[in-house]
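Enquirer: Before we start, here is the structure in question, set down as structure tokens.
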Amino acid sequence: MSKQRKAVALISGGLDSMLAAKTVMEQGVHVEGINFFTGFCVEGHTHAIRNKDKAKPKRNNSLWVAEQLGMKLHIVDVIEEYKNVLINPKHGYGAHMNPCLDCKIFMVNKARQWIVENDFDFIITGEVIGQRPMSQRKATMPVVARESGADDLLLRPLCAKNLPPTLPEREGWVDREKLHDITGRSRKPQMAMAEQFGFDDYAQPAGGCCFLTDKNYSAKLVDLWQAQGNKEYGLDDVMLLKVGRHIRPQPNFKLIVAREEGEGRFLQGYKNEFISMNSLSHSGPLVLIDGSPSAEDLYLAAQITARFGQGRDAEHVEMNVVNKDGSERRLQVKPLKKEEIREEWYV
Amino acid sequence: MNKETLNARRLLCPLPVIRTQDKVKQLKAGDQLEVVCTDPGVMQDIPAWCRINGHKVLETKSCDHDYIILLEVGA
């Protein structure tokens with residue numbers, strides 16, 4: 001009796017990885033999923049923070065995919081290790097701060113470590129040649145396999161017929177003839193496969209599940225690094241860049257202005273790590289001050305904060321400023337006019 | 001039967017799931033784990049993770065701003 005072969009599939013929660021895993025499961029291979037959490041995979045985060053999104057049903061797509069396929073899913077926290085990928089990407093960034101090729105190499109490498117530790121035989125990804133301009137090109141396919149160390153243990157079932165046979169194919173663990181030859185950016189072949197498998201509900205993230213592909217988020221990240229003079233970051237930084245309006249009137253400080261109640265509640269949790277302020281005389285947002293502001297800077301910050309509250313047209317607004325240690329003081333300020341908040345201050 | 005509590009407040013999904021997963025690895029079949037979170041997304045995600053991995057959700061409830069899930073570790 002032949003040995004039951006086991007594969008781990010990188011599951012993003014999108015359609016391609018779902019189809020890739022299913023294709024191999026159909027051949028009798030035992031498949032489990034693995035999902036890496038970098039801190040920037042954020043669809044659930046903004047939902048959890050912002051009130052306006054709460055009415056929509058929310059699900060974690062990777063868990064949902066695993067449940068649809070009837071396989072286990074291992075979610076791995078790689079936040080710390082991922083920093084080196086983001087800060088020093090050997091292959092550079094994409095259109096924004098997305099180090100897609102290095103990211104793919106990193107994740108396949110992590111999966112390679114995982115199969116060694118867990119006695120699995122090979123790795124599956126949902127990659128398709130020509131699907132992504134940076135990480136899924138004909139030229140990058142061997143780069144990912146080689147630099148991750150996975151080599152021919154890396155099987156891409158959706159485009160395998162366009163690539164040299166891998167070890168699972170050569171050894172007969174999977175039948176190459178039952179794999180696919182999809183290329184390019186069209187989604188039609190995948191949608192047809194989904195229909196064949198009976199999948200009528202699936203996510204279409206198309207790169208949108210990573211905040212590093214977002215222009216505005218990337219601008220805030222670059223601003224953070226410039227302001228602190230290095231490229232360090234922590235999970236709280238990653239989270240706070242997703243929340244509120246970020247306004248930097250001076251290089252040494254910025255304001256994070258809650259845009260609605262849910263964000264205000266979220267920012268409350270950071271009040272002992274930042275100077276915070278809000279209006280006492282009128283309703284208005286909670287604002288965190290990041291950096292090292294002088295007394296004059298705090299006065300300017302209070303004027304800006306007052307602009308975003310109900311007292312924006314008042315002669316004076318009374319502001320409460322709370323230090324990290326909880327001590328408080330009051331400021332009477334005249335709110336800035338809309339045109340006094342310069343466009344370039346908005347990060 | 002051992003019962004433990006995991007504080008996953010202020011963590012946003014999928015971190016409460018990851019912390020639950022890591023904690024369950026340290027427990028035995030039949031042990032119970034109460035996970036206390038503030039992200040409402042856990043009400044879907046942790047039960048989904050339990051179903052996939054063979055654990056049983058005994059109770060879910062919300063209390064003030066907390067979302068609490070009691071699960072029993074499967075074999």
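Here, A, B, ... name the chains of the structure tokens in the order displayed, residue numbers run from 1 inside each chain, and ligands are numbered from 1 in the same displayed order.
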Within 12 Å of chain A, which residues belong to chain B? Use only C-alpha atoms and report them as a PyMOL selection string.

Expert: chain B and resi 9-22+25+37-55+65

Enquirer: Using only C-alpha atoms, determine which residues lie at most 9 Å from B:Leu33, disregarding the query and same-chain residues fewer than 3 positions distant; provide the list as a list in words.

Expert: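 My reading of the contact set: Asn2, Lys3, Glu4, Thr5, Leu6, Thr20, Lys23, Val24, Leu27, Ile69, Leu70, Leu71, Glu72 and Val73 of chain B.
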
Enquirer: Give me, as a PDB file with C-alpha atoms, in the first residue's frame, all polymer residues having an atom no more than 12 Å from stretch 319-330 of chain A, counting only C-alpha atoms and skipping those fewer than 5 positions away in the same chain.

Expert:
ATOM      1  CA  GLN A 268      -9.121  55.289  23.843  1.00  0.00           C
ATOM      2  CA  GLY A 269      -7.115  52.102  24.345  1.00  0.00           C
ATOM      3  CA  TYR A 270      -3.918  54.036  23.555  1.00  0.00           C
ATOM      4  CA  LYS A 271      -4.448  56.944  25.938  1.00  0.00           C
ATOM      5  CA  ASN A 272      -1.695  55.864  28.310  1.00  0.00           C
ATOM      6  CA  GLU A 273       0.806  55.634  25.445  1.00  0.00           C
ATOM      7  CA  PHE A 274       0.137  59.018  23.808  1.00  0.00           C
ATOM      8  CA  ILE A 275      -0.825  62.540  24.765  1.00  0.00           C
ATOM      9  CA  SER A 276      -4.517  62.817  23.917  1.00  0.00           C
ATOM     10  CA  MET A 277      -6.993  65.679  23.655  1.00  0.00           C
ATOM     11  CA  ASN A 278     -10.677  66.333  23.160  1.00  0.00           C
ATOM     12  CA  SER A 279     -13.065  69.236  23.438  1.00  0.00           C
ATOM     13  CA  LEU A 280     -14.875  69.854  26.734  1.00  0.00           C
ATOM     14  CA  SER A 281     -17.101  72.693  25.579  1.00  0.00           C
ATOM     15  CA  HIS A 282     -18.368  71.042  22.380  1.00  0.00           C
ATOM     16  CA  SER A 283     -18.675  67.495  21.127  1.00  0.00           C
ATOM     17  CA  GLY A 284     -15.757  66.388  18.991  1.00  0.00           C
ATOM     18  CA  PRO A 285     -13.267  63.615  18.276  1.00  0.00           C
ATOM     19  CA  LEU A 286     -10.629  62.059  20.461  1.00  0.00           C
ATOM     20  CA  VAL A 287      -7.174  62.880  19.117  1.00  0.00           C
ATOM     21  CA  LEU A 288      -3.856  61.203  19.888  1.00  0.00           C
ATOM     22  CA  ILE A 289      -0.633  63.169  19.553  1.00  0.00           C
ATOM     23  CA  ASP A 290       2.285  61.073  18.314  1.00  0.00           C
ATOM     24  CA  SER A 292       7.460  65.044  20.932  1.00  0.00           C
ATOM     25  CA  PRO A 293       5.403  68.231  20.769  1.00  0.00           C
ATOM     26  CA  ALA A 295       3.837  73.546  24.411  1.00  0.00           C
ATOM     27  CA  LEU A 298       0.187  71.283  21.623  1.00  0.00           C
ATOM     28  CA  TYR A 299      -1.619  74.599  21.293  1.00  0.00           C
ATOM     29  CA  LEU A 300      -1.589  74.215  17.503  1.00  0.00           C
ATOM     30  CA  ALA A 301      -2.746  70.595  17.862  1.00  0.00           C
ATOM     31  CA  ALA A 302      -5.633  71.767  20.053  1.00  0.00           C
ATOM     32  CA  GLN A 303      -6.626  74.357  17.444  1.00  0.00           C
ATOM     33  CA  ILE A 304      -6.638  71.654  14.774  1.00  0.00           C
ATOM     34  CA  THR A 305      -8.578  69.256  16.995  1.00  0.00           C
ATOM     35  CA  ALA A 306     -11.170  71.974  17.677  1.00  0.00           C
ATOM     36  CA  ARG A 307     -11.636  72.334  13.920  1.00  0.00           C
ATOM     37  CA  GLY A 309     -15.567  69.201  16.454  1.00  0.00           C
ATOM     38  CA  GLY A 311     -17.164  74.069  17.999  1.00  0.00           C
ATOM     39  CA  PRO A 335     -10.266  76.681  16.131  1.00  0.00           C
TER      40      PRO A 335
END

Enquirer: Would you pick out the contacts of A:Ile182 at 6 Å or less, using only C-alpha atoms, so that residues sharing its chain but fewer than 2 positions from it are not included, and give the list as a list in words?

Expert: Leu158, Cys159 and His180 of chain A

Enquirer: When DSSP is applied to the backbone of this structure, which of chain B are assigned strand (DSSP E or B)? Write them out as a count of residues only.

Expert: 27

Enquirer: What separation in Å, quoted to one decimal, exists between atom CA of A:Gln27 and atom CA of A:Glu169?

Expert: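 Answer for the atom CA of A:Gln27 to atom CA of A:Glu169 separation: 11.6 Å.
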
Enquirer: Counting only C-alpha atoms, what is within 8 Å of A:Val8, bar same-chain residues fewer than 5 positions away, as a list in words?

Expert: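 Residues meeting the cut-off are Val31, Glu32, Gly33, Ile34, Ala111, Ile115, Phe120, Phe122, Ile123 and Ile124 of chain A.
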